[in-house]
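These notes are about the structure you will find just below.
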Amino acid sequence: MNYLVTGGSGFIGSHLVEQLLKKGHSVINIDNFDSFYDYTVKIKNTLESIDKNFVFEFTDKESDIQKLISLSESQNYTLYYQDIRDKKGLEKIFKNHKIDLIIHLAALAGVRPSIERPLEYEEVNIRGTMNLWELCKDFNINKFVCASSSSVYGNNEKIPFSEADNVDNPISPYAATKKCGEILGHVYHDLYKIDMIQLRFFTVYGPRQRPDLAIHKFTRLISDHQEIPFYGDGTTARDYTFIDDIIDGIEKSIHYLESNSNVYEIINLGESEVINLNEMLFTIEKTLGKSAIRKNLPMQPGDVLKTNADITKARTLIGYKPDTNFQNGIKKFVEWFLRK
Ligand SMILES: NC(=O)c1ccc[n+]([C@@H]2O[C@H](COP(=O)([O-])OP(=O)(O)OC[C@H]3O[C@@H](n4cnc5c(N)ncnc54)[C@H](O)[C@@H]3O)[C@@H](O)[C@H]2O)c1
């Protein structure tokens with residue numbers, strides 16, 4: 001099959017590309033190497049995803065990406081250095097390829113930066129996503145997996161979070177863009193018969209995790225004997241989901257879309273193992289064999305208190321079966337971190 005992955009050089013995207021290529025599919029990756037975090041990380045992700053693990057000499061962003069494009073080009077893989085906000089640019093790609101299904105992961109992903117730069121989040125996460133649906137309409141592509149987020153649940157008190165719950169109270173611009181994507185996605189499904197699954201990912205971690213996310217940040221700072229910013233009293237909690245489980249959930253969603261028609265579903269992908277910040281830090285310290293130096297800070301605006309996925313729907317509809325417990329997941333992450 002020919003899959004278009006957006007954001008295929010990011011954390012989740014690079015793992016998905018790797019898995020799809022391993023299964024013998026063709027992949028087109030659209031990524032603009034956004035400056036949300038260092039582009040060199042995304043170059044390394046890309047090289048790992050296409051199984052080219054050699055030392056890359058970095059010079060400057062533009063020439064490095066051009067070098068990456070020529071290095072990575074193969075019969076089964078094409079990388080486009082392309083912004084999803086640029087519809088004309090996207091159109092050229094859609095003209096060049098026969099695309100069977102799109103997995104849309106490109107987004108501005110941080111919660112806290114979305115409070116600083118809400119308009120940019122709106123442009124990428126809403127307009128960029130609509131550009132893809134407009135092109136699906138024009139090029140008759142009717143299978144679409146879209147990354148949503150557990151953040152749409154805001155500070156809902158009913159735990160665990162179920163897809164049937166009301167999600168009208170997001171507490172960050174990021175969360176609101178994801179909710180908007182779910183609503184607009186339904187419009188495109190209804191009007192243009194695009195079969196779609198919106199996946200609400202719950203805090204994803206594992207090798208290649210984004211450097212801004214807490215597990216990665218804490219591990220880096222503890223290793224470097226630096227202070228870690230510790231927000232709140234440590235009781236905020238997250239449903240952590242290991243990357244392999246997420247990739248499995250995405251693959252099962254693809255399979256579901258390929259075997260069914262007239263689909264619009266919103267599905268939670270979580271691990272259903274809720275860990276609070278104190279426990280998370282303790283597990284990292286224990287795995288690294290080093291103690292953290294905490295800098296206690298107040299809770300940040302936009303941060304939710306707790307996430308916890310009800311994954312009954314994912315289990316019954318697509319056969320999702322997360323099986324990495326937090327300790328093992330952290331062990332795998334730390335092994336990856338230390339080998340860098
Ligand atoms: N990681 C998580 O815990 C988590 C949780 C919930 C939802 N999500 C969602 O999953 C998706 C992937 O997240 P991730 O953690 O891999 O993030 P990431 O930042 O590592 O990956 C996103 C990729 O999208 C690319 N991108 C950003 N803006 C773009 C643009 N305008 N045009 C083209 N490409 C662009 C980036 O360069 C990056 O490579 C995102 O949609 C995110 O909102 C992630």
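Please note that chains go A, B, ... in the order of the structure tokens, that every chain numbers its residues from 1, and that ligands are numbered from 1 in the order shown.
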>> Neighbouring residues of ligand 1 are defined here as those with any atom at most 7 Å from a ligand atom, counting only C-alpha atoms and all ligand atoms; list them as a ChimeraX atom specification.
In response: /A:6-13,30-34,36,42,82-85,105-109,124,128,147-150,200-205,209-210
Which residues are close to Asn260 in chain A, i.e. within 12 Å by only C-alpha atoms, leaving aside same-chain residues fewer than 4 positions away? Reply as a PDB file with C-alpha atoms, in the first residue's frame.
```pdb
ATOM      1  CA  ASN A 142     -11.025   8.497   1.337  1.00  0.00           C
ATOM      2  CA  LYS A 143      -9.074   6.854   4.156  1.00  0.00           C
ATOM      3  CA  ILE A 194     -13.750  10.310   3.866  1.00  0.00           C
ATOM      4  CA  ASP A 195     -13.499   7.346   6.236  1.00  0.00           C
ATOM      5  CA  MET A 196     -11.689   8.613   9.288  1.00  0.00           C
ATOM      6  CA  ILE A 197     -10.350   7.579  12.658  1.00  0.00           C
ATOM      7  CA  SER A 253      -6.758   1.668  12.914  1.00  0.00           C
ATOM      8  CA  ILE A 254      -5.338   1.539   9.385  1.00  0.00           C
ATOM      9  CA  HIS A 255      -6.453  -2.058   9.074  1.00  0.00           C
ATOM     10  CA  TYR A 256      -9.933  -1.171  10.362  1.00  0.00           C
ATOM     11  CA  TYR A 264     -15.959   8.004  11.496  1.00  0.00           C
ATOM     12  CA  GLU A 265     -14.618   7.012  14.891  1.00  0.00           C
ATOM     13  CA  LEU A 317     -13.377  -2.092  17.808  1.00  0.00           C
ATOM     14  CA  ILE A 318      -9.798  -2.454  16.571  1.00  0.00           C
TER      15      ILE A 318
END
```
> If we count only C-alpha atoms, what is near Thr312 in chain A at a cut-off of 10 Å, once residues fewer than 3 positions away on the same chain are taken out, given as a PyMOL selection string?
Replying inline: chain A and resi 162-163+267-269+309+315-317+319-320
Save out the residues we just selected, C-alpha atoms, as an mmCIF file, in the first residue's frame.
```cif
data_model
loop_
_atom_site.group_PDB
_atom_site.id
_atom_site.type_symbol
_atom_site.label_atom_id
_atom_site.label_comp_id
_atom_site.auth_asym_id
_atom_site.auth_seq_id
_atom_site.Cartn_x
_atom_site.Cartn_y
_atom_site.Cartn_z
ATOM 1 C CA SER A 162 -14.344 7.835 27.613
ATOM 2 C CA GLU A 163 -14.963 8.826 24.002
ATOM 3 C CA ILE A 267 -10.702 6.292 19.732
ATOM 4 C CA ASN A 268 -8.653 6.640 22.908
ATOM 5 C CA LEU A 269 -5.185 5.116 22.692
ATOM 6 C CA ALA A 309 -8.001 6.480 29.234
ATOM 7 C CA ARG A 315 -10.007 -3.011 22.540
ATOM 8 C CA THR A 316 -13.359 -4.014 21.101
ATOM 9 C CA LEU A 317 -13.377 -2.092 17.808
ATOM 10 C CA GLY A 319 -8.313 -5.100 18.902
ATOM 11 C CA TYR A 320 -5.863 -2.719 20.601
#
```
>> Can you pull out every residue from range 135-309 of chain A that DSSP, working from the backbone, puts in strand (DSSP E or B), and format the result as a ChimeraX atom specification?
In response: /A:143-149,161,195-201,204-205,227-231,237-239,241-242,264-269,274-276,293-297,306,309
Same residues, C-alpha atoms, output as a CSV table (one decimal), in the first residue's frame:
```
chain,number,residue,atom,x,y,z
A,143,LYS,CA,-9.1,6.9,4.2
A,144,PHE,CA,-7.6,9.1,6.9
A,145,VAL,CA,-6.1,8.5,10.3
A,146,CYS,CA,-5.7,11.7,12.3
A,147,ALA,CA,-3.8,12.5,15.5
A,148,SER,CA,-6.0,14.0,18.2
A,149,SER,CA,-5.1,14.1,21.9
A,161,PHE,CA,-12.0,9.4,30.1
A,195,ASP,CA,-13.5,7.3,6.2
A,196,MET,CA,-11.7,8.6,9.3
A,197,ILE,CA,-10.3,7.6,12.7
A,198,GLN,CA,-9.3,10.3,15.1
A,199,LEU,CA,-6.9,8.8,17.7
A,200,ARG,CA,-6.8,10.5,21.1
A,201,PHE,CA,-3.2,9.7,22.1
A,204,VAL,CA,3.3,8.9,24.5
A,205,TYR,CA,6.9,8.0,25.6
A,227,GLU,CA,18.0,20.9,38.5
A,228,ILE,CA,14.6,19.6,37.2
A,229,PRO,CA,11.6,22.0,37.1
A,230,PHE,CA,9.0,20.1,39.2
A,231,TYR,CA,5.6,21.6,38.7
A,237,ALA,CA,-0.9,12.1,36.9
A,238,ARG,CA,-0.8,10.8,33.3
A,239,ASP,CA,-1.8,7.7,31.5
A,241,THR,CA,1.5,5.0,26.7
A,242,PHE,CA,4.6,3.3,25.3
A,264,TYR,CA,-16.0,8.0,11.5
A,265,GLU,CA,-14.6,7.0,14.9
A,266,ILE,CA,-12.9,8.7,17.8
A,267,ILE,CA,-10.7,6.3,19.7
A,268,ASN,CA,-8.7,6.6,22.9
A,269,LEU,CA,-5.2,5.1,22.7
A,274,VAL,CA,-1.8,6.0,35.5
A,275,ILE,CA,1.4,7.2,37.1
A,276,ASN,CA,1.8,10.4,39.1
A,293,ILE,CA,17.8,17.8,42.1
A,294,ARG,CA,14.2,19.2,42.3
A,295,LYS,CA,13.3,22.8,41.7
A,296,ASN,CA,9.7,23.0,43.0
A,297,LEU,CA,7.5,25.3,40.9
A,306,LYS,CA,-4.9,13.8,35.5
A,309,ALA,CA,-8.0,6.5,29.2
```
> Which residue gives the smallest distance to Gly232 in chain A among A:Asp303, A:Asp51, A:Glu157, A:Glu279, with only C-alpha atoms counted?
Replying inline: A:Asp303
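Residues lying within 6 Å of range 165-181 of chain A, counting only C-alpha atoms and ignoring same-chain neighbours fewer than 2 positions away, are Val111, Ser114, Pro118, Ser148, Ser151, Val152, Tyr153, Gly154, Ser162, Glu163, Ile183, Leu184, Gly185 and Gly302 of chain A.
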Selection above as a file: C-alpha atoms, as a compact mmCIF listing (two decimals), in the first residue's frame:
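again01.txt written:
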```txt
# COMPACT_ATOMS: atom_id res chain seq x y z
CA VAL A 111 0.56 22.48 25.44
CA SER A 114 0.36 26.99 22.53
CA PRO A 118 -2.02 30.31 19.74
CA SER A 148 -6.00 13.95 18.21
CA SER A 151 -5.86 16.97 26.09
CA VAL A 152 -9.36 17.43 24.62
CA TYR A 153 -10.73 16.07 27.92
CA GLY A 154 -9.40 19.11 29.78
CA SER A 162 -14.34 7.83 27.61
CA GLU A 163 -14.96 8.83 24.00
CA ILE A 183 -15.26 18.34 14.54
CA LEU A 184 -14.04 19.45 11.11
CA GLY A 185 -12.97 15.89 10.37
CA GLY A 302 -2.88 24.71 30.57
```
> So which bits of range 202-254 of chain A end up helix (DSSP H, G or I) when you DSSP the backbone, as a list in words?
Replying inline: Ala214, Ile215, His216, Lys217, Phe218, Thr219, Arg220, Leu221, Ile222, Ser223, Ile243, Asp244, Asp245, Ile246, Ile247, Asp248, Gly249, Ile250, Glu251, Lys252, Ser253 and Ile254 of chain A
Output file for the residues above (C-alpha atoms, as a compact mmCIF listing (two decimals), in the first residue's frame):
```txt
# COMPACT_ATOMS: atom_id res chain seq x y z
CA ALA A 214 8.80 15.54 30.87
CA ILE A 215 10.27 12.02 30.79
CA HIS A 216 12.92 12.99 28.27
CA LYS A 217 13.62 16.33 29.94
CA PHE A 218 13.94 14.80 33.42
CA THR A 219 16.23 12.03 32.16
CA ARG A 220 18.49 14.54 30.41
CA LEU A 221 18.68 16.91 33.37
CA ILE A 222 19.25 14.17 35.96
CA SER A 223 22.02 12.69 33.79
CA ILE A 243 5.39 4.11 21.66
CA ASP A 244 5.18 0.47 20.44
CA ASP A 245 1.62 0.25 21.79
CA ILE A 246 0.69 3.49 20.00
CA ILE A 247 2.17 2.24 16.72
CA ASP A 248 0.23 -0.98 17.12
CA GLY A 249 -2.94 1.06 17.70
CA ILE A 250 -2.28 3.14 14.57
CA GLU A 251 -1.67 0.03 12.47
CA LYS A 252 -4.88 -1.52 13.77
CA SER A 253 -6.76 1.67 12.91
CA ILE A 254 -5.34 1.54 9.39
```
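Distances here use only C-alpha atoms; by that measure, the residue among A:Gln66, A:Asn45, A:Asp100, A:Leu135 closest to Asp86 in chain A is A:Leu135.
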> Nearest to Thr283 in chain A: which of A:Phe326, A:Ser259, A:His189, A:Lys61 is it, counting only C-alpha atoms?
Replying inline: A:Phe326
>> Excluding Lys92 in chain A and its own-chain neighbours fewer than 3 positions away, which residues fall within 12 Å of it when counting only C-alpha atoms? Please give them as an NGL selection string.
In response: :A and (80 or 82 or 86-89 or 95-98 or 135 or 139)
Output all heavy atoms of each residue in that selection to a file, as a compact mmCIF listing (two decimals), in the first residue's frame.
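The result, stored in selection.txt:
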```txt
# COMPACT_ATOMS: atom_id res chain seq x y z
N TYR A 80 9.42 14.64 1.67
CA TYR A 80 9.18 16.01 1.19
C TYR A 80 9.37 16.99 2.34
O TYR A 80 8.74 16.84 3.39
CB TYR A 80 7.77 16.16 0.63
CG TYR A 80 7.58 15.49 -0.71
CD1 TYR A 80 7.06 14.21 -0.79
CD2 TYR A 80 7.95 16.14 -1.89
CE1 TYR A 80 6.89 13.58 -2.02
CE2 TYR A 80 7.79 15.52 -3.13
CZ TYR A 80 7.26 14.25 -3.18
OH TYR A 80 7.09 13.64 -4.39
N GLN A 82 8.24 19.94 3.42
CA GLN A 82 7.04 20.66 2.99
C GLN A 82 6.19 21.05 4.20
O GLN A 82 5.97 20.25 5.09
CB GLN A 82 6.24 19.73 2.06
CG GLN A 82 4.87 20.20 1.67
CD GLN A 82 4.91 21.43 0.78
OE1 GLN A 82 5.64 21.45 -0.21
NE2 GLN A 82 4.14 22.44 1.12
N ASP A 86 1.02 25.12 3.34
CA ASP A 86 1.17 25.55 1.94
C ASP A 86 0.40 24.57 1.04
O ASP A 86 0.93 23.53 0.64
CB ASP A 86 2.68 25.59 1.63
CG ASP A 86 2.97 25.69 0.16
OD1 ASP A 86 2.06 26.05 -0.62
OD2 ASP A 86 4.12 25.40 -0.22
N LYS A 87 -0.83 24.94 0.70
CA LYS A 87 -1.69 23.99 -0.02
C LYS A 87 -1.19 23.72 -1.45
O LYS A 87 -1.25 22.59 -1.93
CB LYS A 87 -3.13 24.53 -0.06
CG LYS A 87 -4.10 23.58 -0.70
CD LYS A 87 -5.54 23.94 -0.39
CE LYS A 87 -6.49 23.05 -1.12
NZ LYS A 87 -7.01 23.65 -2.35
N LYS A 88 -0.65 24.76 -2.07
CA LYS A 88 -0.15 24.57 -3.45
C LYS A 88 1.01 23.56 -3.46
O LYS A 88 1.11 22.72 -4.35
CB LYS A 88 0.31 25.91 -4.02
CG LYS A 88 -0.83 26.81 -4.41
CD LYS A 88 -0.47 27.62 -5.67
CE LYS A 88 -1.71 28.15 -6.34
NZ LYS A 88 -2.42 29.15 -5.51
N GLY A 89 1.88 23.72 -2.47
CA GLY A 89 3.01 22.79 -2.35
C GLY A 89 2.52 21.36 -2.13
O GLY A 89 3.02 20.41 -2.75
N LYS A 95 -0.30 15.27 -6.69
CA LYS A 95 -0.33 14.99 -8.13
C LYS A 95 0.69 13.92 -8.50
O LYS A 95 0.52 13.16 -9.44
CB LYS A 95 -0.01 16.26 -8.92
CG LYS A 95 -1.23 17.11 -9.18
CD LYS A 95 -0.90 18.24 -10.13
CE LYS A 95 -2.11 19.15 -10.27
NZ LYS A 95 -1.74 20.56 -10.40
N ASN A 96 1.80 13.89 -7.74
CA ASN A 96 2.92 13.00 -8.07
C ASN A 96 2.74 11.57 -7.62
O ASN A 96 3.50 10.70 -8.03
CB ASN A 96 4.20 13.49 -7.36
CG ASN A 96 4.95 14.46 -8.21
OD1 ASN A 96 4.70 14.54 -9.41
ND2 ASN A 96 5.86 15.19 -7.59
N HIS A 97 1.81 11.32 -6.71
CA HIS A 97 1.74 9.99 -6.09
C HIS A 97 0.31 9.47 -6.04
O HIS A 97 -0.63 10.24 -5.86
CB HIS A 97 2.24 10.05 -4.63
CG HIS A 97 3.68 10.42 -4.51
ND1 HIS A 97 4.69 9.49 -4.54
CD2 HIS A 97 4.28 11.63 -4.37
CE1 HIS A 97 5.86 10.11 -4.41
NE2 HIS A 97 5.64 11.41 -4.31
N LYS A 98 0.22 8.16 -6.11
CA LYS A 98 -1.06 7.52 -5.82
C LYS A 98 -1.05 7.21 -4.32
O LYS A 98 -0.17 6.50 -3.83
CB LYS A 98 -1.16 6.22 -6.63
CG LYS A 98 -2.43 5.45 -6.40
CD LYS A 98 -2.33 4.04 -6.99
CE LYS A 98 -3.33 3.08 -6.36
NZ LYS A 98 -3.06 2.74 -4.96
N LEU A 135 -7.52 18.38 -0.19
CA LEU A 135 -6.83 17.62 -1.25
C LEU A 135 -7.35 16.18 -1.31
O LEU A 135 -7.42 15.60 -2.39
CB LEU A 135 -5.32 17.68 -1.05
CG LEU A 135 -4.75 19.08 -1.30
CD1 LEU A 135 -3.34 19.22 -0.77
CD2 LEU A 135 -4.78 19.42 -2.80
N PHE A 139 -8.55 14.71 -4.78
CA PHE A 139 -7.82 13.56 -5.36
C PHE A 139 -8.47 12.21 -4.99
O PHE A 139 -7.85 11.16 -5.15
CB PHE A 139 -6.34 13.59 -4.93
CG PHE A 139 -5.56 14.68 -5.59
CD1 PHE A 139 -5.56 15.97 -5.07
CD2 PHE A 139 -4.84 14.44 -6.76
CE1 PHE A 139 -4.86 17.00 -5.69
CE2 PHE A 139 -4.13 15.46 -7.39
CZ PHE A 139 -4.14 16.74 -6.86
```
